[in-house]
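Taking it in order: structure first as structure tokens, then the write-up.
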Amino acid sequence: MIEKTLQHFNIDGFQQDLLTWYQANKRDLPWRADQDPYRVWVSEIMLQQTKVDTVIPYFQRFIDKYPTVYELADADPQDVLKAWEGLGYYSRARNLQNAVKEVVATYGGKVPKDREELGALKGIGPYTRGAILSIAYDQPEPAVDGNVMRVISRVLKIEENIAEQRVKKLFEAYVREIISVNDPASFNQALMELGALVCTPKSPDCPVCPIKEHCTAYREGIQQELPIKTKAKKQKRIPYAVLLIKNQKEEYLIEKRPDSGLLANLWHFPMVPLEEVEFDEIANWIFREYGIRVTLHDKLGELKHVFTHLIWQLDIYNAETDDSNIKHSELIFEEKRNLKAYPFPVSHLKMMKYL
DNA sequence: AATTCGGGGGG
DNA sequence: CCCCCAGAATT
């Protein structure tokens, strides 16, 4: 059925129009300075679910700090997490470092060119594998992300639900048919660049589009209806009381999250789940969980923090304790000025102003 | 196939 | 305020 769709599609003309536009309009992005496979890799991991403008400063700092696989392989995981702070999806950082260690240990520090070897590394899925192989190694592999699915769904009028795994495979098959074998690096990046700058989700700027003559959706005026995608279900709201607990040495209590699950290995102020704990029982709950006697003071503010699948509704309180000795390594009293050494989720970074 | 993982930006 | 964006791992 791919052949049928592409029967009257001018592949050479499409490639030429797309690539010409890309050469003239591509943004000057830090990870486009060269084809260093490690840098391409770092950029692609950071760009997963994340906008270019957000990634740029993180990428610069990260490469300054970890210029090659060797520095990253040797780094303290906590420092890597700190470098990732605010970027989200923190397992990306952990997986990246683990995979880089694997590259140093198994592949002599060279990022594998082999499709299977590369795809076996932690955090490298079908998209990232294709991106690295094409951008760093000039291999004609598809790199199908949301941009590419949006652009191709419009150009070829593909009315399938892009949320389905099966459909993503279909897009990869189409890209294999139309990719420029001469310059797959530019071809894949051009599709994504077009998706980011012209063929945008809400109101695509079709009049200026370099490939509108090749676009079935444009011809039929249905570009706004594509791609087709099922809606996500709405998130569950979870209320917490967050306690900024200060001891007599002006230190605040922070704790380290478990090494798996939400915000794994990040630090934060103690959170009391209000669905399970009555307001009047907060101090008792804290004593049971942390072994610390606290006095709850005034409410400082509220914060709503939205994740992909849940919402934290946070009430922030001042609290005080006479205790200051803690046994656990995941639970520490720390001076305000030292808190910046720990990786925090953005929601808790926003509470620092109350300290 | 469905769910779990962050956070920023737009309307 | 709600809605949109969207890769990989896990189950």
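We label chains A, B, ... in the order they appear in the structure tokens, count residues from 1 in each chain, and number ligands from 1 in the order shown.
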
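Using only C-alpha atoms (C1' of nucleotides), the protein and nucleic acid residues lying no more than 12 Å from Phe307 (chain A), apart from those fewer than 4 places from it along its own chain, are Gly88, Tyr89, Lys234, Gln235, Lys236, Arg237, Ile238, Leu262, Leu263, Ile311, Trp312, Gln313, Pro345, Val346 and Ser347 of chain A; DT4, DC5, DG6, DG7 and DG8 of chain B.
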
Point to revise | Within 12 Å of Ser186 (chain A) using only C-alpha atoms (C1' of nucleotides), minus same-chain residues under 6 positions, as number ranges by chain | key: A: 15-16, 18-26, 32, 35, 131, 134-143, 179-180, 192-194

Check your understanding: Got a sec to tell me which of region 111-310 of chain A DSSP assigns to helix (DSSP H, G or I), as number ranges by chain?
Key -> A: 115-119, 126-135, 146-155, 165-178, 184-197, 206-208, 212-214, 216-220, 223-225, 279-290

Counting only C-alpha atoms (C1' of nucleotides), which residues of chain A come no farther than 7 Å from chain C, as a short mmCIF file (atom, residue, chain, number, x, y, z; two decimals) with N, CA and C atoms, in the first residue's frame?
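And here is the file that came out, out24.cif:
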```cif
data_model
loop_
_atom_site.label_atom_id
_atom_site.label_comp_id
_atom_site.auth_asym_id
_atom_site.auth_seq_id
_atom_site.Cartn_x
_atom_site.Cartn_y
_atom_site.Cartn_z
N GLN A 48 14.25 15.01 23.01
CA GLN A 48 13.06 14.16 23.15
C GLN A 48 12.00 14.91 23.97
N GLN A 49 10.86 15.10 23.41
CA GLN A 49 9.71 15.80 24.06
C GLN A 49 10.03 17.22 24.47
N GLY A 123 18.19 4.01 26.40
CA GLY A 123 17.65 5.32 26.05
C GLY A 123 17.62 5.61 24.56
N GLY A 125 15.99 4.64 21.32
CA GLY A 125 14.89 3.93 20.67
C GLY A 125 14.96 4.13 19.17
N GLY A 146 7.58 13.44 16.11
CA GLY A 146 6.26 14.06 15.93
C GLY A 146 6.22 15.01 14.76
#
```

Point to revise | Interface list for chain A, partner chain B, 12 Å threshold, only C-alpha atoms (C1' of nucleotides), as number ranges by chain | key: A: 46, 48-55, 84-92, 163-166, 201-203, 232-233, 260-264, 305-311, 345-347

Please return as a short mmCIF file (atom, residue, chain, number, x, y, z; two decimals) with all heavy atoms, in the first residue's frame: the residues of region 237-291 of chain A that backbone DSSP assigns to strand (DSSP E or B).
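The resulting file, states.cif, is shown below:
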```cif
data_model
loop_
_atom_site.label_atom_id
_atom_site.label_comp_id
_atom_site.auth_asym_id
_atom_site.auth_seq_id
_atom_site.Cartn_x
_atom_site.Cartn_y
_atom_site.Cartn_z
N ARG A 237 -5.45 14.62 39.98
CA ARG A 237 -4.94 15.66 40.87
C ARG A 237 -4.59 15.08 42.22
O ARG A 237 -5.41 14.40 42.84
CB ARG A 237 -6.04 16.70 41.08
CG ARG A 237 -5.94 17.93 40.24
CD ARG A 237 -7.05 18.89 40.69
NE ARG A 237 -6.52 20.23 40.84
CZ ARG A 237 -6.39 21.07 39.82
NH1 ARG A 237 -6.73 20.68 38.61
NH2 ARG A 237 -5.91 22.26 40.01
N ILE A 238 -3.39 15.35 42.70
CA ILE A 238 -2.98 14.85 44.01
C ILE A 238 -2.54 16.00 44.92
O ILE A 238 -1.60 16.70 44.61
CB ILE A 238 -1.82 13.83 43.89
CG1 ILE A 238 -2.16 12.77 42.84
CG2 ILE A 238 -1.56 13.17 45.23
CD1 ILE A 238 -1.07 11.77 42.61
N PRO A 239 -3.25 16.19 46.05
CA PRO A 239 -2.91 17.28 46.96
C PRO A 239 -1.83 16.89 47.98
O PRO A 239 -1.86 15.79 48.52
CB PRO A 239 -4.24 17.54 47.68
CG PRO A 239 -4.94 16.23 47.66
CD PRO A 239 -4.47 15.47 46.46
N TYR A 240 -0.88 17.78 48.19
CA TYR A 240 0.17 17.58 49.19
C TYR A 240 0.33 18.83 50.03
O TYR A 240 0.10 19.95 49.55
CB TYR A 240 1.53 17.31 48.54
CG TYR A 240 1.68 15.97 47.87
CD1 TYR A 240 1.49 15.85 46.50
CD2 TYR A 240 2.07 14.85 48.59
CE1 TYR A 240 1.66 14.63 45.86
CE2 TYR A 240 2.24 13.62 47.96
CZ TYR A 240 2.03 13.52 46.60
OH TYR A 240 2.20 12.31 45.99
N ALA A 241 0.77 18.64 51.28
CA ALA A 241 1.33 19.73 52.06
C ALA A 241 2.84 19.60 51.98
O ALA A 241 3.38 18.52 52.23
CB ALA A 241 0.87 19.65 53.51
N VAL A 242 3.51 20.67 51.58
CA VAL A 242 4.97 20.66 51.53
C VAL A 242 5.49 21.44 52.72
O VAL A 242 5.06 22.59 52.95
CB VAL A 242 5.49 21.28 50.23
CG1 VAL A 242 7.01 21.18 50.16
CG2 VAL A 242 4.86 20.61 49.03
N LEU A 243 6.39 20.84 53.48
CA LEU A 243 6.88 21.47 54.71
C LEU A 243 8.32 21.95 54.55
O LEU A 243 9.22 21.16 54.26
CB LEU A 243 6.79 20.48 55.88
CG LEU A 243 5.47 20.44 56.65
CD1 LEU A 243 4.27 20.32 55.72
CD2 LEU A 243 5.47 19.30 57.67
N LEU A 244 8.49 23.26 54.75
CA LEU A 244 9.84 23.82 54.77
C LEU A 244 10.28 23.83 56.23
O LEU A 244 9.99 24.77 56.97
CB LEU A 244 9.85 25.23 54.17
CG LEU A 244 9.18 25.34 52.79
CD1 LEU A 244 9.23 26.77 52.27
CD2 LEU A 244 9.85 24.40 51.79
N ILE A 245 10.93 22.74 56.63
CA ILE A 245 11.23 22.52 58.05
C ILE A 245 12.62 23.06 58.40
O ILE A 245 13.62 22.55 57.91
CB ILE A 245 11.17 21.01 58.39
CG1 ILE A 245 9.81 20.43 57.99
CG2 ILE A 245 11.45 20.79 59.87
CD1 ILE A 245 9.75 18.90 58.07
N LYS A 246 12.64 24.07 59.27
CA LYS A 246 13.90 24.70 59.65
C LYS A 246 14.28 24.27 61.06
O LYS A 246 13.43 24.26 61.96
CB LYS A 246 13.76 26.22 59.57
CG LYS A 246 15.04 26.99 59.82
CD LYS A 246 14.98 28.40 59.29
CE LYS A 246 13.97 29.25 60.04
NZ LYS A 246 14.05 30.67 59.64
N GLU A 251 18.95 25.35 59.28
CA GLU A 251 19.09 24.38 58.20
C GLU A 251 17.71 23.83 57.82
O GLU A 251 16.83 23.73 58.69
CB GLU A 251 20.00 23.22 58.61
CG GLU A 251 21.42 23.63 58.91
CD GLU A 251 22.18 22.53 59.66
OE1 GLU A 251 21.53 21.73 60.39
OE2 GLU A 251 23.41 22.48 59.54
N TYR A 252 17.56 23.44 56.57
CA TYR A 252 16.27 22.93 56.09
C TYR A 252 16.36 21.44 55.80
O TYR A 252 17.38 20.95 55.31
CB TYR A 252 15.84 23.67 54.83
CG TYR A 252 15.50 25.12 55.10
CD1 TYR A 252 16.49 26.11 55.03
CD2 TYR A 252 14.21 25.49 55.48
CE1 TYR A 252 16.19 27.42 55.30
CE2 TYR A 252 13.90 26.81 55.75
CZ TYR A 252 14.89 27.77 55.66
OH TYR A 252 14.59 29.07 55.93
N LEU A 253 15.26 20.76 56.06
CA LEU A 253 15.24 19.32 55.83
C LEU A 253 14.88 19.03 54.36
O LEU A 253 13.87 19.52 53.86
CB LEU A 253 14.20 18.65 56.75
CG LEU A 253 14.15 17.12 56.69
CD1 LEU A 253 15.47 16.52 57.17
CD2 LEU A 253 12.99 16.58 57.53
N ILE A 254 15.74 18.26 53.70
CA ILE A 254 15.45 17.78 52.34
C ILE A 254 15.63 16.27 52.28
O ILE A 254 16.33 15.69 53.12
CB ILE A 254 16.35 18.46 51.27
CG1 ILE A 254 17.81 18.20 51.58
CG2 ILE A 254 16.04 19.94 51.20
CD1 ILE A 254 18.76 18.68 50.48
N GLU A 255 14.96 15.65 51.34
CA GLU A 255 15.09 14.21 51.19
C GLU A 255 15.31 13.82 49.74
O GLU A 255 14.93 14.55 48.83
CB GLU A 255 13.85 13.49 51.74
CG GLU A 255 12.58 13.78 50.95
CD GLU A 255 11.41 12.92 51.42
OE1 GLU A 255 11.57 11.68 51.54
OE2 GLU A 255 10.34 13.51 51.66
N LYS A 256 15.95 12.68 49.57
CA LYS A 256 16.24 12.18 48.22
C LYS A 256 15.16 11.19 47.82
O LYS A 256 14.80 10.29 48.59
CB LYS A 256 17.60 11.48 48.19
CG LYS A 256 18.10 11.15 46.80
CD LYS A 256 19.45 10.44 46.85
CE LYS A 256 20.00 10.22 45.45
NZ LYS A 256 21.28 9.48 45.49
N TRP A 267 16.08 15.61 44.77
CA TRP A 267 15.86 15.98 46.17
C TRP A 267 14.67 16.92 46.27
O TRP A 267 14.36 17.62 45.30
CB TRP A 267 17.11 16.66 46.74
CG TRP A 267 18.27 15.72 46.87
CD1 TRP A 267 19.06 15.28 45.86
CD2 TRP A 267 18.76 15.12 48.07
NE1 TRP A 267 20.03 14.42 46.36
CE2 TRP A 267 19.86 14.31 47.72
CE3 TRP A 267 18.37 15.17 49.42
CZ2 TRP A 267 20.58 13.57 48.66
CZ3 TRP A 267 19.10 14.43 50.35
CH2 TRP A 267 20.18 13.64 49.97
N HIS A 268 14.01 16.91 47.41
CA HIS A 268 12.90 17.84 47.59
C HIS A 268 12.56 18.01 49.06
O HIS A 268 13.06 17.27 49.91
CB HIS A 268 11.68 17.39 46.81
CG HIS A 268 11.09 16.09 47.26
ND1 HIS A 268 9.81 15.97 47.70
CD2 HIS A 268 11.63 14.85 47.35
CE1 HIS A 268 9.57 14.71 48.03
NE2 HIS A 268 10.66 14.02 47.82
N MET A 271 7.01 16.06 51.64
CA MET A 271 5.66 16.22 51.12
C MET A 271 4.71 15.27 51.84
O MET A 271 4.95 14.07 51.91
CB MET A 271 5.64 15.92 49.61
CG MET A 271 6.41 16.95 48.80
SD MET A 271 6.62 16.48 47.07
CE MET A 271 4.93 16.36 46.53
N VAL A 272 3.61 15.82 52.33
CA VAL A 272 2.63 15.01 53.05
C VAL A 272 1.41 14.80 52.15
O VAL A 272 0.76 15.78 51.76
CB VAL A 272 2.18 15.73 54.35
CG1 VAL A 272 1.24 14.84 55.15
CG2 VAL A 272 3.39 16.15 55.18
N PRO A 273 1.11 13.54 51.81
CA PRO A 273 -0.03 13.27 50.93
C PRO A 273 -1.36 13.51 51.64
O PRO A 273 -1.73 12.75 52.53
CB PRO A 273 0.14 11.79 50.58
CG PRO A 273 0.94 11.21 51.69
CD PRO A 273 1.79 12.31 52.24
#
```
